>>> print(open('input23.cif').read())   # mmCIF, C-alpha atoms
data_query
loop_
_atom_site.label_atom_id
_atom_site.label_comp_id
_atom_site.auth_asym_id
_atom_site.auth_seq_id
_atom_site.Cartn_x
_atom_site.Cartn_y
_atom_site.Cartn_z
CA MET A 1 0.00 0.00 0.00
CA SER A 2 1.10 3.59 -0.67
CA ARG A 3 0.12 6.56 1.41
CA VAL A 4 0.84 10.29 1.30
CA ASP A 5 3.44 11.34 3.85
CA GLY A 6 5.28 14.47 4.93
CA PRO A 7 4.40 17.96 3.66
CA ALA A 8 1.96 16.58 1.07
CA ALA A 9 -0.28 15.28 3.85
CA GLU A 10 -0.83 18.84 5.04
CA THR A 11 -2.14 20.10 1.67
CA ALA A 12 -5.91 20.53 1.24
CA VAL A 13 -7.39 17.35 -0.19
CA ARG A 14 -10.53 16.64 -2.23
CA THR A 15 -11.86 13.07 -2.36
CA PHE A 16 -14.49 11.05 -4.21
CA GLU A 17 -15.34 7.37 -4.61
CA THR A 18 -15.11 5.57 -7.95
CA MET A 19 -13.96 2.25 -9.41
CA GLY A 20 -14.41 0.62 -6.01
CA THR A 21 -11.82 2.86 -4.36
CA VAL A 22 -11.29 6.39 -3.06
CA VAL A 23 -9.55 9.00 -5.20
CA SER A 24 -7.78 11.85 -3.40
CA LEU A 25 -6.59 15.01 -5.07
CA ARG A 26 -4.34 17.79 -3.86
CA GLY A 27 -3.60 21.06 -5.63
CA ALA A 28 -6.90 21.50 -7.53
CA ASP A 29 -9.84 23.86 -7.20
CA ALA A 30 -13.43 22.62 -7.12
CA PRO A 31 -14.18 22.89 -10.89
CA THR A 32 -10.95 21.06 -11.76
CA ALA A 33 -11.71 18.36 -9.20
CA LEU A 34 -15.12 17.81 -10.83
CA ALA A 35 -13.45 17.51 -14.24
CA VAL A 36 -11.06 14.93 -12.80
CA ARG A 37 -14.00 13.00 -11.33
CA ASP A 38 -15.71 13.02 -14.74
CA VAL A 39 -12.66 11.27 -16.23
CA PHE A 40 -12.90 8.41 -13.73
CA VAL A 41 -16.69 8.15 -14.10
CA ALA A 42 -16.39 7.84 -17.89
CA TYR A 43 -13.83 5.04 -17.62
CA ASP A 44 -15.90 3.23 -15.01
CA ARG A 45 -19.06 3.39 -17.13
CA ARG A 46 -17.25 1.92 -20.10
CA TYR A 47 -15.11 -0.77 -18.45
CA SER A 48 -16.73 -1.80 -15.17
CA LEU A 49 -17.66 -5.48 -15.00
CA TYR A 50 -20.05 -4.58 -12.15
CA ASP A 51 -22.18 -2.41 -14.45
CA PRO A 52 -24.25 -4.64 -16.76
CA ASP A 53 -24.58 -1.80 -19.25
CA SER A 54 -20.84 -1.18 -19.69
CA ASP A 55 -19.16 -2.18 -22.92
CA LEU A 56 -16.99 -4.70 -21.14
CA SER A 57 -19.94 -6.31 -19.34
CA ARG A 58 -21.74 -6.63 -22.66
CA ILE A 59 -18.67 -8.29 -24.17
CA ALA A 60 -18.54 -10.69 -21.21
CA ALA A 61 -22.25 -11.45 -21.62
CA GLY A 62 -21.85 -12.11 -25.33
CA THR A 63 -24.20 -9.30 -26.41
CA LEU A 64 -21.36 -7.22 -27.89
CA ARG A 65 -18.51 -8.60 -29.96
CA LEU A 66 -15.09 -7.16 -29.19
CA ALA A 67 -14.69 -6.45 -32.91
CA ASP A 68 -17.84 -4.29 -32.76
CA ALA A 69 -16.89 -2.46 -29.56
CA PRO A 70 -15.96 1.24 -29.66
CA GLN A 71 -12.46 2.00 -30.92
CA GLU A 72 -11.43 3.16 -27.45
CA VAL A 73 -12.20 -0.28 -26.01
CA ARG A 74 -10.29 -2.04 -28.77
CA ASP A 75 -7.33 0.31 -28.28
CA THR A 76 -7.32 -0.39 -24.54
CA TYR A 77 -7.38 -4.12 -25.22
CA ALA A 78 -4.48 -3.72 -27.67
CA LEU A 79 -2.53 -1.87 -24.98
CA ALA A 80 -3.19 -4.66 -22.50
CA LEU A 81 -1.96 -7.22 -25.03
CA GLU A 82 1.17 -5.14 -25.61
CA TRP A 83 1.90 -5.23 -21.88
CA ARG A 84 1.26 -8.98 -21.85
CA GLU A 85 3.97 -9.34 -24.48
CA ARG A 86 6.35 -7.00 -22.67
CA THR A 87 5.95 -8.90 -19.39
CA HIS A 88 6.06 -12.33 -21.04
CA GLY A 89 2.56 -13.10 -19.82
CA ALA A 90 2.94 -12.05 -16.19
CA PHE A 91 0.38 -9.34 -16.89
CA THR A 92 -2.71 -10.39 -18.83
CA PRO A 93 -6.21 -9.03 -19.52
CA HIS A 94 -7.62 -12.57 -19.71
CA ARG A 95 -8.99 -13.98 -16.48
CA PRO A 96 -8.78 -17.71 -15.75
CA ASP A 97 -12.55 -17.92 -16.44
CA ARG A 98 -11.85 -16.43 -19.91
CA VAL A 99 -13.62 -13.15 -19.12
CA LEU A 100 -11.91 -10.13 -20.67
CA ASP A 101 -10.95 -7.84 -17.77
CA LEU A 102 -9.17 -4.59 -18.56
CA SER A 103 -9.08 -3.28 -14.98
CA GLY A 104 -5.32 -3.88 -14.94
CA VAL A 105 -4.81 -0.89 -17.24
CA VAL A 106 -8.05 1.10 -16.95
CA LYS A 107 -7.44 2.69 -13.55
CA ALA A 108 -3.97 3.82 -14.59
CA LEU A 109 -5.32 5.20 -17.86
CA ALA A 110 -7.94 7.14 -15.91
CA ILE A 111 -5.22 8.55 -13.65
CA ARG A 112 -3.11 9.43 -16.69
CA ASP A 113 -5.98 11.27 -18.39
CA ALA A 114 -6.98 12.98 -15.15
CA GLY A 115 -3.38 14.16 -14.91
CA ALA A 116 -3.75 15.75 -18.35
CA VAL A 117 -6.83 17.61 -17.07
CA LEU A 118 -4.82 18.85 -14.10
CA ASP A 119 -1.94 19.91 -16.33
CA ARG A 120 -4.28 21.99 -18.48
CA ALA A 121 -5.71 23.64 -15.37
CA CYS A 122 -2.20 24.31 -14.09
CA ARG A 123 -1.41 26.53 -17.05
CA ALA A 124 -3.76 29.08 -15.55
CA GLY A 125 -2.70 28.59 -11.94
CA SER A 126 -0.62 26.37 -9.70
CA ALA A 127 1.72 23.92 -11.44
CA ALA A 128 1.70 21.44 -8.57
CA TRP A 129 -0.76 18.63 -7.85
CA MET A 130 -0.96 15.07 -6.54
CA LEU A 131 -3.55 12.46 -7.48
CA ALA A 132 -3.93 9.13 -5.65
CA ALA A 133 -6.29 6.25 -6.41
CA GLY A 134 -6.22 2.81 -4.82
CA GLY A 135 -2.48 2.46 -4.30
CA ASP A 136 -1.47 4.47 -7.39
CA VAL A 137 -0.08 7.99 -7.17
CA LEU A 138 0.77 10.52 -9.88
CA ALA A 139 2.18 13.97 -9.15
CA ARG A 140 3.62 17.09 -10.73
CA GLY A 141 5.67 19.89 -9.24
CA THR A 142 6.42 20.17 -5.55
CA CYS A 143 4.57 20.63 -2.27
CA GLY A 144 5.85 24.04 -1.31
CA ASP A 145 9.64 23.81 -1.25
CA ASP A 146 9.64 20.04 -0.81
CA PRO A 147 8.93 17.18 -3.22
CA TRP A 148 5.67 15.31 -3.00
CA GLN A 149 6.23 12.26 -0.81
CA VAL A 150 4.55 8.86 -0.83
CA GLY A 151 4.96 6.45 2.07
CA ILE A 152 5.25 2.69 1.50
CA VAL A 153 3.49 0.71 4.23
CA ASP A 154 4.74 -2.60 5.61
CA PRO A 155 2.35 -5.30 4.32
CA LEU A 156 2.50 -7.09 7.69
CA ASP A 157 2.12 -3.97 9.84
CA ARG A 158 -0.21 -1.35 8.38
CA GLU A 159 0.95 1.22 10.94
CA ARG A 160 4.61 1.01 9.89
CA VAL A 161 6.06 2.99 7.01
CA VAL A 162 9.11 1.23 5.56
CA GLY A 163 9.98 3.73 2.87
CA VAL A 164 9.24 7.24 1.63
CA VAL A 165 9.37 8.00 -2.09
CA PRO A 166 10.06 11.61 -3.15
CA LEU A 167 8.44 12.23 -6.54
CA GLY A 168 10.24 14.28 -9.20
CA ASP A 169 10.30 14.89 -12.94
CA ASP A 170 11.88 11.52 -13.80
CA ARG A 171 9.86 9.52 -11.26
CA ARG A 172 6.36 10.99 -11.19
CA ALA A 173 4.35 7.85 -10.43
CA VAL A 174 4.14 5.20 -7.71
CA ALA A 175 1.99 2.08 -7.82
CA THR A 176 1.62 -0.59 -5.16
CA SER A 177 -0.04 -3.95 -5.66
CA GLY A 178 -0.46 -6.38 -2.79
CA THR A 179 -2.69 -8.74 -0.87
CA ALA A 180 -2.84 -7.03 2.53
CA GLU A 181 -6.06 -5.11 1.89
CA ARG A 182 -7.83 -6.88 -0.98
CA GLY A 183 -6.57 -10.43 -0.55
CA GLU A 184 -5.61 -12.53 -3.57
CA HIS A 185 -7.12 -10.34 -6.29
CA VAL A 186 -4.33 -10.82 -8.86
CA TRP A 187 -4.25 -13.88 -11.12
CA ARG A 188 -1.02 -15.58 -10.18
CA ARG A 189 0.69 -17.59 -12.87
CA ALA A 190 2.82 -19.42 -10.30
CA ASP A 191 2.85 -20.15 -6.59
CA PRO A 192 2.86 -16.80 -4.73
CA VAL A 193 6.35 -15.34 -4.34
CA PHE A 194 5.51 -11.72 -3.48
CA ARG A 195 3.16 -10.27 -0.90
CA GLN A 196 3.46 -6.63 -1.99
CA VAL A 197 5.21 -4.83 -4.85
CA THR A 198 5.81 -1.09 -5.25
CA VAL A 199 7.02 0.34 -8.55
CA VAL A 200 8.23 3.92 -9.05
CA ALA A 201 8.27 5.00 -12.69
CA PRO A 202 8.12 8.04 -15.01
CA ASP A 203 4.44 7.34 -15.83
CA VAL A 204 1.55 5.76 -13.95
CA VAL A 205 0.59 3.15 -16.56
CA THR A 206 4.08 1.65 -16.44
CA ALA A 207 4.15 1.74 -12.65
CA ASP A 208 0.71 0.14 -12.26
CA VAL A 209 1.12 -2.61 -14.86
CA LEU A 210 4.59 -3.62 -13.68
CA ALA A 211 3.51 -3.72 -10.02
CA THR A 212 0.75 -6.15 -11.02
CA ALA A 213 3.07 -8.18 -13.26
CA VAL A 214 5.69 -8.69 -10.57
CA LEU A 215 3.09 -9.58 -7.94
CA ALA A 216 1.60 -12.14 -10.32
CA GLY A 217 5.00 -13.58 -11.24
CA ASP A 218 8.23 -14.64 -9.61
CA GLU A 219 11.85 -13.57 -9.16
CA GLN A 220 12.54 -14.00 -12.86
CA ASP A 221 9.76 -11.56 -13.66
CA LEU A 222 11.20 -9.11 -11.14
CA ALA A 223 14.62 -9.41 -12.78
CA ALA A 224 13.16 -8.84 -16.25
CA VAL A 225 11.15 -5.81 -15.16
CA THR A 226 14.14 -4.13 -13.52
CA ALA A 227 16.85 -5.11 -16.04
CA ASP A 228 17.05 -1.77 -17.84
CA GLY A 229 16.95 0.39 -14.70
CA SER A 230 14.00 2.47 -15.94
CA VAL A 231 11.93 1.79 -12.80
CA ASP A 232 12.56 1.41 -9.08
CA VAL A 233 11.02 -1.61 -7.34
CA LEU A 234 10.55 -2.57 -3.69
CA ALA A 235 9.08 -6.06 -3.31
CA PHE A 236 8.11 -8.00 -0.18
CA GLY A 237 8.18 -11.78 -0.42
CA VAL A 238 5.71 -14.14 1.18
CA ASP A 239 8.70 -15.70 2.95
CA GLY A 240 9.72 -12.40 4.57
CA CYS A 241 12.49 -11.51 2.11
CA VAL A 242 12.65 -7.98 0.70
CA TRP A 243 13.99 -7.04 -2.72
CA ALA A 244 14.99 -3.48 -3.58
CA THR A 245 16.55 -2.15 -6.77
CA PRO A 246 19.41 0.36 -6.30
CA GLY A 247 17.03 3.28 -6.78
CA ALA A 248 14.46 1.87 -4.37
CA SER A 249 17.12 1.23 -1.72
CA ALA A 250 17.34 4.99 -1.24
CA TYR A 251 13.67 5.06 -0.17
CA VAL A 252 13.86 2.21 2.30
CA THR A 253 13.89 3.23 5.94
CA GLY A 254 13.22 0.02 7.78
CA ALA A 255 13.92 -3.03 5.67
CA GLU A 256 16.97 -4.94 4.55
CA ALA A 257 17.58 -4.48 0.81
#
>>> encode(input="input23.cif", output="structure tokens")
Amino acid sequence: MSRVDGPAAETAVRTFETMGTVVSLRGADAPTALAVRDVFVAYDRRYSLYDPDSDLSRIAAGTLRLADAPQEVRDTYALALEWRERTHGAFTPHRPDRVLDLSGVVKALAIRDAGAVLDRACRAGSAAWMLAAGGDVLARGTCGDDPWQVGIVDPLDRERVVGVVPLGDDRRAVATSGTAERGEHVWRRADPVFRQVTVVAPDVVTADVLATAVLAGDEQDLAAVTADGSVDVLAFGVDGCVWATPGASAYVTGAEA
């Protein structure tokens, strides 16, 4: 789990519920916050498998062929397949019951597009904001004179912060995927190796997808994801071991790397 820590926690926050989670926003006025909410609502209406009228629910029910779905849905599916290839199958949009589930990319896409709304608003005002949704965080600028900070919580002790990530221009996004709060919600392709995975990346889609991929995979998947050094990863194993890439080691405050 990720949580806002430090100076960022003192900034006025606006919240709303969507996609089965709570979205929190700092650095936006009321009209901009409503525009951000509209982005999430639109994605939820199109992709939610809990809404029988959504495009994805209709595809699952067999009343809409994927080939006949709106171009946006087909593009999102193509993106999910691209990530499946890039992660050698650790990430997949296909559930074990064969239902097409695009939730693995949809929330991150909503955060990405909401960030674009915030960036447009920033041209007329403040250039600093932070957006958090269900373990994913995207930020721009700074919180006063300090960077935005995101705390990484110990999966075995929800009151203990084991690392603090300062967000900057080259690492704007943090995503955490784990079992502590939602149980086994990721389709594992092997026996569980990781309990919680945090990825820090330049963009939120990369961070979110790779956090899911590593959690669903094993140590080989972790090695493949981190080979080029483009992301920082802190992973907690089910056996108590902790893995940290060189970049992530700088964030760790209470765990052996």
>>> atom_distance(input="input23.cif", atom1="CA of Leu100 (chain A)", atom2="CA of Ala60 (chain A)")
6.7 Å
>>> residues_around(input="input23.cif", residues="region 228-245 of chain A", least_positions_apart="6", cutoff="7 Å", atoms="only C-alpha atoms", output="list in words")
Val193, Phe194, Arg195, Gln196, Val197, Thr198, Val199, Val200, Ala201, Glu256 and Ala257 of chain A
>>> closest_residue(input="input23.cif", among="A:Val174, A:Leu138, A:Leu49, A:Met19", to="Ile152 (chain A)", atoms="all atoms listed in the file")
A:Val174
>>> atom_distance(input="input23.cif", atom1="CA of Leu25 (chain A)", atom2="CA of Arg172 (chain A)")
14.9 Å
>>> resolve_selection(input="input23.cif", expression="the PyMOL selection byres ((chain A and resi 76) around 12)", output="ChimeraX atom specification")
/A:43,46-47,56,66,69-75,77-83,93,100-110,205
>>> atom_distance(input="input23.cif", atom1="CA of Pro246 (chain A)", atom2="CA of Asp146 (chain A)")
22.6 Å
>>> resolve_selection(input="input23.cif", expression="the PyMOL selection byres ((chain A and resi 155) around 9)", output="PDB file with C-alpha atoms, keeping the file's coordinate frame")
ATOM      1  CA  MET A   1       0.000   0.000   0.000  1.00  0.00           C
ATOM      2  CA  ILE A 152       5.250   2.690   1.500  1.00  0.00           C
ATOM      3  CA  VAL A 153       3.490   0.710   4.230  1.00  0.00           C
ATOM      4  CA  ASP A 154       4.740  -2.600   5.610  1.00  0.00           C
ATOM      5  CA  LEU A 156       2.500  -7.090   7.690  1.00  0.00           C
ATOM      6  CA  ASP A 157       2.120  -3.970   9.840  1.00  0.00           C
ATOM      7  CA  ARG A 158      -0.210  -1.350   8.380  1.00  0.00           C
ATOM      8  CA  ARG A 160       4.610   1.010   9.890  1.00  0.00           C
ATOM      9  CA  GLY A 178      -0.460  -6.380  -2.790  1.00  0.00           C
ATOM     10  CA  THR A 179      -2.690  -8.740  -0.870  1.00  0.00           C
ATOM     11  CA  ALA A 180      -2.840  -7.030   2.530  1.00  0.00           C
ATOM     12  CA  GLU A 181      -6.060  -5.110   1.890  1.00  0.00           C
ATOM     13  CA  ARG A 195       3.160 -10.270  -0.900  1.00  0.00           C
ATOM     14  CA  GLN A 196       3.460  -6.630  -1.990  1.00  0.00           C
ATOM     15  CA  PHE A 236       8.110  -8.000  -0.180  1.00  0.00           C
TER      16      PHE A 236
END
>>> residues_around(input="input23.cif", residues="Glu17 (chain A)", least_positions_apart="2", cutoff="12 Å", atoms="all atoms listed in the file", output="list in words")
Arg14, Thr15, Met19, Gly20, Thr21, Val22, Val23, Ser24, Leu25, Val36, Arg37, Asp38, Phe40, Val41, Asp44, Ala132, Ala133 and Gly134 of chain A
